[in-house]
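Colleague: I have a structure here, written as structure tokens, and I will follow up with some questions on it.
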Amino acid sequence: MEALKTANDTLFILLGAIMVLAMHAGFAFLELGTVRAKNQVNALVKILADFAVSTVAYFIVGYWIAYGANFFGPAEALAAKSGYELVKFFFLLTFAAAIPAIVSGGIAERAKFGPQLVATLFLVALVYPLFERIAWNGGFGVQAWLKASFGEEFHDFAGSVVVHAVGGWIGLIAVLLLGPRTGRYGKQGQIAAHPPSSIPFLALGAWVLAVGWFGFNVMSAQTIDKISGLVAVNSLMAMVGGTLVALLVGRNDPGFAYNGPLAGLVAVCAGSDVMHPLGALAVGGIAGAIFVYMFTLTQNKWKIDDVLGVWPLHGLCGAWGGVAAGIFGSKALGGIGGVAFASQLVGTLIGILIAVFGAAIVYGAIKNFAGLRLDAEEEYNGADLTIHKISATPGLDPRA
């Protein structure tokens with residue numbers, strides 16, 4: 001019976017890994033649909049290449065930093081317990097690889113290809129696993145300190161902070177160091193519109209992400225005996241809440257409408273296992289409003305050219321999700337309990353600090369030694385022709 005349980009657990013987490021792997025296609029098509037036509041090929045290739053680099057970085061270094069385990073023993077040992085530990089690595093890798101996929105959307109249309117792959121290597125090997133170890137493996141005594149100080153550990157069931165907030169805040173630093181796209185903001189304060197190249201592809205990307213998210217959240221249980229239908233329904237309710245509020249506040253704009261469910265899903269990850277479904281609906285709705293308001297503010301007032309809005313979507317909604325788990329996960333609001341607001345706040349701030357300082361070091365060094373962005377002519381021609389020597393629209397001039 002034990003062998004059967006282990007085999008079932010292996011299959012369970014493998015299915016989760018496959019679903020989250022599919023989410024990377026969602027990242028690719030969300031970016032492809034949002035950027036201008038001359039940068040569509042780059043969006044597709046960049047997400048794939050980032051995933052490949054992430055796999056090597058996490059296998060050799062990142063997973064060891066986070067969990068103290070490696071896979072350099074004989075294959076016979078790795079195949080023990082139906083290969084569960086290997087498949088667990090695969091599942092957690094798909095989370096780690098979401099970091100560069102998130103960043104990719106913010107720096108789109110003007111980032112160099114090679115330097116970004118180098119950044120991916122260091123982010124996935126060193127920066128992301130550092131907070132992953134703290135939050136999910138009790139590293140450096142932080143969780144023990146939070147429990148002693150506030151009564152509960154920092155709770156992040158599926159990565160609102162560990163994955164999304166960390167990725168979003170890394171993305172913000174990268175965007176600030178890159179600067180806005182040429183011509184995006186005029187000297188007199190005018191803003192040049194760069195509308196999405198394909199709403200259908202944008203919508204496809206959002207749908208793929210939303211569907212895969214149920215593997216992202218539900219399979220975070222990691223063993224089949226810990227599976228919870230509450231996580232699935234809370235994910236659904238947060239997705240719906242984010243959609244409805246973003247649709248309303250965004251005045252039916254399709255870009256907001258299709259990012260609304262993603263905002264809700266980002267926010268519910270942390271507390272999806274402890275909230276009441278009505279609490280999850282509220283968390284998702286608030287996240288939808290955060291995304292619309294903050295995307296508009298960053299783009300139009302602060303003139304931060306975050307192309308896909310990765311800081312509002314992942315950075316801010318992820319941070320909100322970390323804090324929200326301490327509010328809506330409490331028994332007073334119908335939750336299961338076992339969470340403390342202060343621990344959630346402090347844990348979230350620690351994740352943000354690690355992301356900001358880690359990104360500043362990685363992207364700052366690369367900017368000084370190799371440069372981060374394409375030159376003006378390369379940017380005008382588009383990343384597709386400049387980097388990949390091919391257009392997504394052969395026979396047409398994508399620069400028109």
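Just remember, in the structure tokens the first chain shown is A, the second B, etc., residues are 1-based per chain, and ligands are 1-based in the order shown.
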Could you give me, as a ChimeraX atom specification, the residues within 7 Å of stretch 159-175 of chain A, counting only C-alpha atoms and dropping anything in the same chain fewer than 2 positions from it?
Modeller: /A:95,99,102-103,106-107,131-132,156-157,177-179,266-270,305-306,310-311,314-316,318-319,321-322,348,351-352,355-356,359-360,363
Colleague: What lies within 12 Å of A:Arg181 using only C-alpha atoms, ignoring chain neighbours under 2 positions off, as an mmCIF file with C-alpha atoms, in the first residue's frame?
Modeller:
data_model
loop_
_atom_site.group_PDB
_atom_site.id
_atom_site.type_symbol
_atom_site.label_atom_id
_atom_site.label_comp_id
_atom_site.auth_asym_id
_atom_site.auth_seq_id
_atom_site.Cartn_x
_atom_site.Cartn_y
_atom_site.Cartn_z
ATOM 1 C CA VAL A 35 3.610 43.841 -27.406
ATOM 2 C CA ARG A 36 3.756 45.394 -30.851
ATOM 3 C CA GLY A 106 7.891 44.191 -17.964
ATOM 4 C CA ILE A 107 11.096 44.609 -19.974
ATOM 5 C CA ALA A 108 9.571 43.700 -23.340
ATOM 6 C CA GLU A 109 10.457 45.430 -26.612
ATOM 7 C CA ARG A 110 13.819 46.912 -25.619
ATOM 8 C CA ALA A 111 15.827 44.353 -23.607
ATOM 9 C CA VAL A 175 12.164 48.118 -15.775
ATOM 10 C CA LEU A 176 13.564 51.112 -13.877
ATOM 11 C CA LEU A 177 17.148 50.274 -14.856
ATOM 12 C CA LEU A 178 16.148 49.769 -18.502
ATOM 13 C CA GLY A 179 14.134 52.953 -18.849
ATOM 14 C CA GLY A 183 9.161 57.529 -27.848
ATOM 15 C CA ARG A 184 6.838 56.255 -25.130
ATOM 16 C CA TYR A 185 6.940 59.524 -23.183
ATOM 17 C CA GLY A 186 7.518 62.939 -24.765
ATOM 18 C CA ILE A 191 2.230 59.731 -23.804
ATOM 19 C CA ALA A 192 2.476 57.712 -27.024
ATOM 20 C CA ALA A 193 0.027 54.833 -27.116
ATOM 21 C CA HIS A 194 1.472 51.418 -27.909
ATOM 22 C CA GLN A 299 1.992 54.128 -16.879
ATOM 23 C CA LYS A 303 5.768 57.118 -16.430
ATOM 24 C CA ILE A 304 7.133 53.697 -15.548
ATOM 25 C CA ASP A 305 7.067 51.758 -18.810
ATOM 26 C CA ASP A 306 6.172 48.331 -17.427
ATOM 27 C CA VAL A 307 4.773 46.897 -20.656
ATOM 28 C CA ARG A 373 18.888 47.323 -23.707
ATOM 29 C CA LEU A 374 18.966 47.445 -27.462
ATOM 30 C CA ASP A 375 20.233 50.611 -29.125
ATOM 31 C CA ALA A 376 17.760 53.043 -30.679
ATOM 32 C CA GLU A 378 17.626 48.031 -32.999
ATOM 33 C CA GLU A 379 14.626 48.975 -30.910
ATOM 34 C CA TYR A 380 13.050 50.785 -33.863
ATOM 35 C CA GLY A 382 12.094 45.531 -33.360
#
Colleague: So, counting only C-alpha atoms, which residue among A:Ala96, A:Leu385, A:Ala332, A:Leu262 is closest to A:Met239?
Modeller: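 The answer is A:Leu262, which sits nearest to A:Met239.
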Colleague: Residues at most 10 Å from A:Gly271, counting only C-alpha atoms, excluding those fewer than 6 positions away in the same chain, as a list in words?
Modeller: His155, Asp156, Phe157, Ala158, Gly159, Ser160, Asn217, Val231, Asn234, Ser235, Gly279, Ala280, Val283, Gly321, Gly322, Val323, Ala324, Ala325, Gly326, Ile327, Phe328, Gly329, Ser330, Gly335, Ile336 and Val339 of chain A
Colleague: Suppose you want the space between atom CA of A:Glu76 and atom CA of A:Phe59; what is it in Å?
Modeller: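 That distance, rounded to one decimal, is 17.8 Å.
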Colleague: Write out as CSV a residue-level contact list of stretch 223-291 of chain A versus stretch 200-216 of chain A with cut-off 12 Å: for each qualifying residue the closest pair of atoms and the distance in Å to one decimal, counting only C-alpha atoms, rows sorted by chain and residue number upward.
Modeller:
residue,atom,partner,partner_atom,distance
A:Ile227,CA,A:Gly215,CA,11.1
A:Ser228,CA,A:Phe214,CA,11.4
A:Gly229,CA,A:Phe214,CA,10.6
A:Leu230,CA,A:Phe214,CA,11.5
A:Val231,CA,A:Phe214,CA,8.5
A:Ala232,CA,A:Phe214,CA,6.3
A:Val233,CA,A:Phe214,CA,9.4
A:Asn234,CA,A:Phe214,CA,10.0
A:Ser235,CA,A:Phe214,CA,7.0
A:Leu236,CA,A:Phe214,CA,8.4
A:Met237,CA,A:Phe214,CA,11.8
A:Ala238,CA,A:Ala210,CA,10.9
A:Met239,CA,A:Ala210,CA,7.8
A:Val240,CA,A:Ala210,CA,10.6
A:Gly242,CA,A:Ala210,CA,11.6
A:Thr243,CA,A:Ala210,CA,11.2
A:Pro254,CA,A:Ala203,CA,8.2
A:Gly255,CA,A:Leu202,CA,7.7
A:Phe256,CA,A:Ala203,CA,10.5
A:Ala257,CA,A:Ala203,CA,9.2
A:Tyr258,CA,A:Ala206,CA,6.1
A:Asn259,CA,A:Ala206,CA,6.9
A:Gly260,CA,A:Ala206,CA,9.4
A:Pro261,CA,A:Ala210,CA,7.3
A:Leu262,CA,A:Ala210,CA,6.6
A:Ala263,CA,A:Ala210,CA,10.2
A:Gly264,CA,A:Ala210,CA,10.0
A:Leu265,CA,A:Trp213,CA,7.4
A:Val266,CA,A:Trp213,CA,9.1
A:Ala267,CA,A:Trp213,CA,11.9
A:Val268,CA,A:Trp213,CA,10.7
A:Cys269,CA,A:Phe216,CA,8.5
A:Ala270,CA,A:Phe216,CA,11.4
A:Ser272,CA,A:Phe214,CA,10.8
Colleague: Please produce an output containing N, CA, C and O atoms for each residue in the selection, written as a tab-separated table (two decimals), in the first residue's frame.
Modeller:
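Now in result-v7.tsv:
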chain	number	residue	atom	x	y	z
A	227	ILE	N	-4.80	16.91	-0.69
A	227	ILE	CA	-5.55	17.69	-1.68
A	227	ILE	C	-6.80	18.28	-1.05
A	227	ILE	O	-7.42	17.68	-0.18
A	228	SER	N	-7.15	19.50	-1.46
A	228	SER	CA	-8.29	20.19	-0.87
A	228	SER	C	-9.14	20.85	-1.95
A	228	SER	O	-8.64	21.69	-2.71
A	229	GLY	N	-10.41	20.49	-1.97
A	229	GLY	CA	-11.34	21.15	-2.87
A	229	GLY	C	-11.52	22.61	-2.52
A	229	GLY	O	-11.90	23.43	-3.38
A	230	LEU	N	-11.24	22.97	-1.27
A	230	LEU	CA	-11.34	24.38	-0.85
A	230	LEU	C	-10.36	25.23	-1.65
A	230	LEU	O	-10.71	26.35	-2.07
A	231	VAL	N	-9.17	24.71	-1.90
A	231	VAL	CA	-8.18	25.45	-2.67
A	231	VAL	C	-8.69	25.70	-4.09
A	231	VAL	O	-8.57	26.81	-4.63
A	232	ALA	N	-9.30	24.70	-4.68
A	232	ALA	CA	-9.81	24.83	-6.05
A	232	ALA	C	-10.92	25.87	-6.13
A	232	ALA	O	-10.92	26.74	-7.01
A	233	VAL	N	-11.88	25.79	-5.22
A	233	VAL	CA	-13.01	26.73	-5.27
A	233	VAL	C	-12.56	28.14	-4.89
A	233	VAL	O	-13.05	29.13	-5.46
A	234	ASN	N	-11.65	28.27	-3.95
A	234	ASN	CA	-11.14	29.60	-3.61
A	234	ASN	C	-10.41	30.21	-4.79
A	234	ASN	O	-10.51	31.43	-5.04
A	235	SER	N	-9.68	29.40	-5.53
A	235	SER	CA	-9.01	29.89	-6.74
A	235	SER	C	-10.04	30.38	-7.76
A	235	SER	O	-9.89	31.44	-8.37
A	236	LEU	N	-11.09	29.60	-7.92
A	236	LEU	CA	-12.17	29.97	-8.84
A	236	LEU	C	-12.82	31.29	-8.43
A	236	LEU	O	-13.03	32.19	-9.25
A	237	MET	N	-13.14	31.43	-7.14
A	237	MET	CA	-13.82	32.63	-6.66
A	237	MET	C	-12.94	33.87	-6.79
A	237	MET	O	-13.41	34.95	-7.16
A	238	ALA	N	-11.65	33.73	-6.50
A	238	ALA	CA	-10.74	34.86	-6.64
A	238	ALA	C	-10.60	35.27	-8.10
A	238	ALA	O	-10.54	36.46	-8.43
A	239	MET	N	-10.55	34.27	-8.98
A	239	MET	CA	-10.47	34.55	-10.41
A	239	MET	C	-11.70	35.34	-10.87
A	239	MET	O	-11.58	36.34	-11.60
A	240	VAL	N	-12.85	34.92	-10.42
A	240	VAL	CA	-14.10	35.60	-10.80
A	240	VAL	C	-14.16	37.00	-10.20
A	240	VAL	O	-14.55	37.97	-10.86
A	242	GLY	N	-11.66	38.96	-9.38
A	242	GLY	CA	-10.74	39.82	-10.11
A	242	GLY	C	-11.28	40.22	-11.46
A	242	GLY	O	-11.13	41.37	-11.89
A	243	THR	N	-11.94	39.29	-12.13
A	243	THR	CA	-12.51	39.57	-13.46
A	243	THR	C	-13.59	40.64	-13.38
A	243	THR	O	-13.58	41.63	-14.13
A	254	PRO	N	-10.58	45.32	-22.68
A	254	PRO	CA	-10.25	43.89	-22.70
A	254	PRO	C	-8.92	43.57	-22.05
A	254	PRO	O	-8.74	42.48	-21.49
A	255	GLY	N	-7.96	44.49	-22.12
A	255	GLY	CA	-6.68	44.26	-21.46
A	255	GLY	C	-6.84	44.15	-19.96
A	255	GLY	O	-6.26	43.26	-19.31
A	256	PHE	N	-7.67	45.02	-19.39
A	256	PHE	CA	-7.95	44.94	-17.96
A	256	PHE	C	-8.80	43.72	-17.64
A	256	PHE	O	-8.60	43.04	-16.63
A	257	ALA	N	-9.78	43.46	-18.50
A	257	ALA	CA	-10.69	42.33	-18.25
A	257	ALA	C	-9.93	41.02	-18.18
A	257	ALA	O	-10.23	40.15	-17.34
A	258	TYR	N	-8.93	40.84	-19.04
A	258	TYR	CA	-8.22	39.57	-19.07
A	258	TYR	C	-7.05	39.52	-18.08
A	258	TYR	O	-6.54	38.44	-17.79
A	259	ASN	N	-6.63	40.66	-17.57
A	259	ASN	CA	-5.64	40.64	-16.49
A	259	ASN	C	-6.31	40.57	-15.12
A	259	ASN	O	-5.66	40.20	-14.14
A	260	GLY	N	-7.59	40.92	-15.06
A	260	GLY	CA	-8.32	40.86	-13.80
A	260	GLY	C	-8.33	39.48	-13.16
A	260	GLY	O	-8.02	39.34	-11.97
A	261	PRO	N	-8.67	38.42	-13.91
A	261	PRO	CA	-8.63	37.08	-13.31
A	261	PRO	C	-7.24	36.68	-12.86
A	261	PRO	O	-7.09	35.99	-11.85
A	262	LEU	N	-6.21	37.13	-13.58
A	262	LEU	CA	-4.85	36.80	-13.18
A	262	LEU	C	-4.49	37.52	-11.87
A	262	LEU	O	-3.81	36.94	-11.01
A	263	ALA	N	-4.95	38.75	-11.72
A	263	ALA	CA	-4.71	39.48	-10.47
A	263	ALA	C	-5.34	38.76	-9.29
A	263	ALA	O	-4.72	38.61	-8.23
A	264	GLY	N	-6.57	38.28	-9.49
A	264	GLY	CA	-7.25	37.55	-8.43
A	264	GLY	C	-6.54	36.26	-8.09
A	264	GLY	O	-6.39	35.91	-6.90
A	265	LEU	N	-6.07	35.55	-9.10
A	265	LEU	CA	-5.38	34.29	-8.86
A	265	LEU	C	-4.02	34.49	-8.20
A	265	LEU	O	-3.61	33.70	-7.34
A	266	VAL	N	-3.31	35.56	-8.58
A	266	VAL	CA	-2.06	35.89	-7.91
A	266	VAL	C	-2.30	36.09	-6.42
A	266	VAL	O	-1.58	35.57	-5.56
A	267	ALA	N	-3.34	36.86	-6.09
A	267	ALA	CA	-3.58	37.24	-4.70
A	267	ALA	C	-4.05	36.08	-3.84
A	267	ALA	O	-3.78	36.05	-2.63
A	268	VAL	N	-4.76	35.12	-4.40
A	268	VAL	CA	-5.34	34.06	-3.58
A	268	VAL	C	-4.36	32.92	-3.30
A	268	VAL	O	-4.62	32.09	-2.42
A	269	CYS	N	-3.24	32.88	-4.01
A	269	CYS	CA	-2.30	31.76	-3.84
A	269	CYS	C	-1.94	31.53	-2.38
A	269	CYS	O	-1.97	30.40	-1.89
A	270	ALA	N	-1.58	32.59	-1.68
A	270	ALA	CA	-1.05	32.44	-0.32
A	270	ALA	C	-2.05	31.82	0.63
A	270	ALA	O	-1.71	30.93	1.42
A	272	SER	N	-5.14	30.36	-0.17
A	272	SER	CA	-6.20	29.59	-0.83
A	272	SER	C	-6.61	28.36	-0.02
A	272	SER	O	-7.71	27.84	-0.21
Colleague: Between atom CA of A:Gly139 and atom CA of A:Phe12, what is the spacing in Å?
Modeller: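 Rounded to one decimal, the two atoms are 26.4 Å apart.
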Colleague: With distances taken over only C-alpha atoms, which of A:Gly62, A:Pro100, A:Gly16, A:Gly151 is nearest to A:Ile47?
Modeller: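 Among A:Gly62, A:Pro100, A:Gly16, A:Gly151, it is A:Pro100 that comes nearest to A:Ile47.
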Colleague: Within 8 Å of A:Leu44, counting only C-alpha atoms, which residues qualify if same-chain residues fewer than 2 places away don't, as a ChimeraX atom specification?
Modeller: /A:28-29,32,40-42,46-48
Colleague: From the set A:Ala119, A:Ala79, A:Ala52, A:Leu333, which residue has the shortest atom-to-atom contact distance to A:Met275, counting only C-alpha atoms?
Modeller: A:Leu333
Colleague: What does the distance from atom CA of A:Gly141 to atom CA of A:Gly338 come to in Å, to one decimal?
Modeller: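 Computing it gives 18.9 Å between the two atoms.
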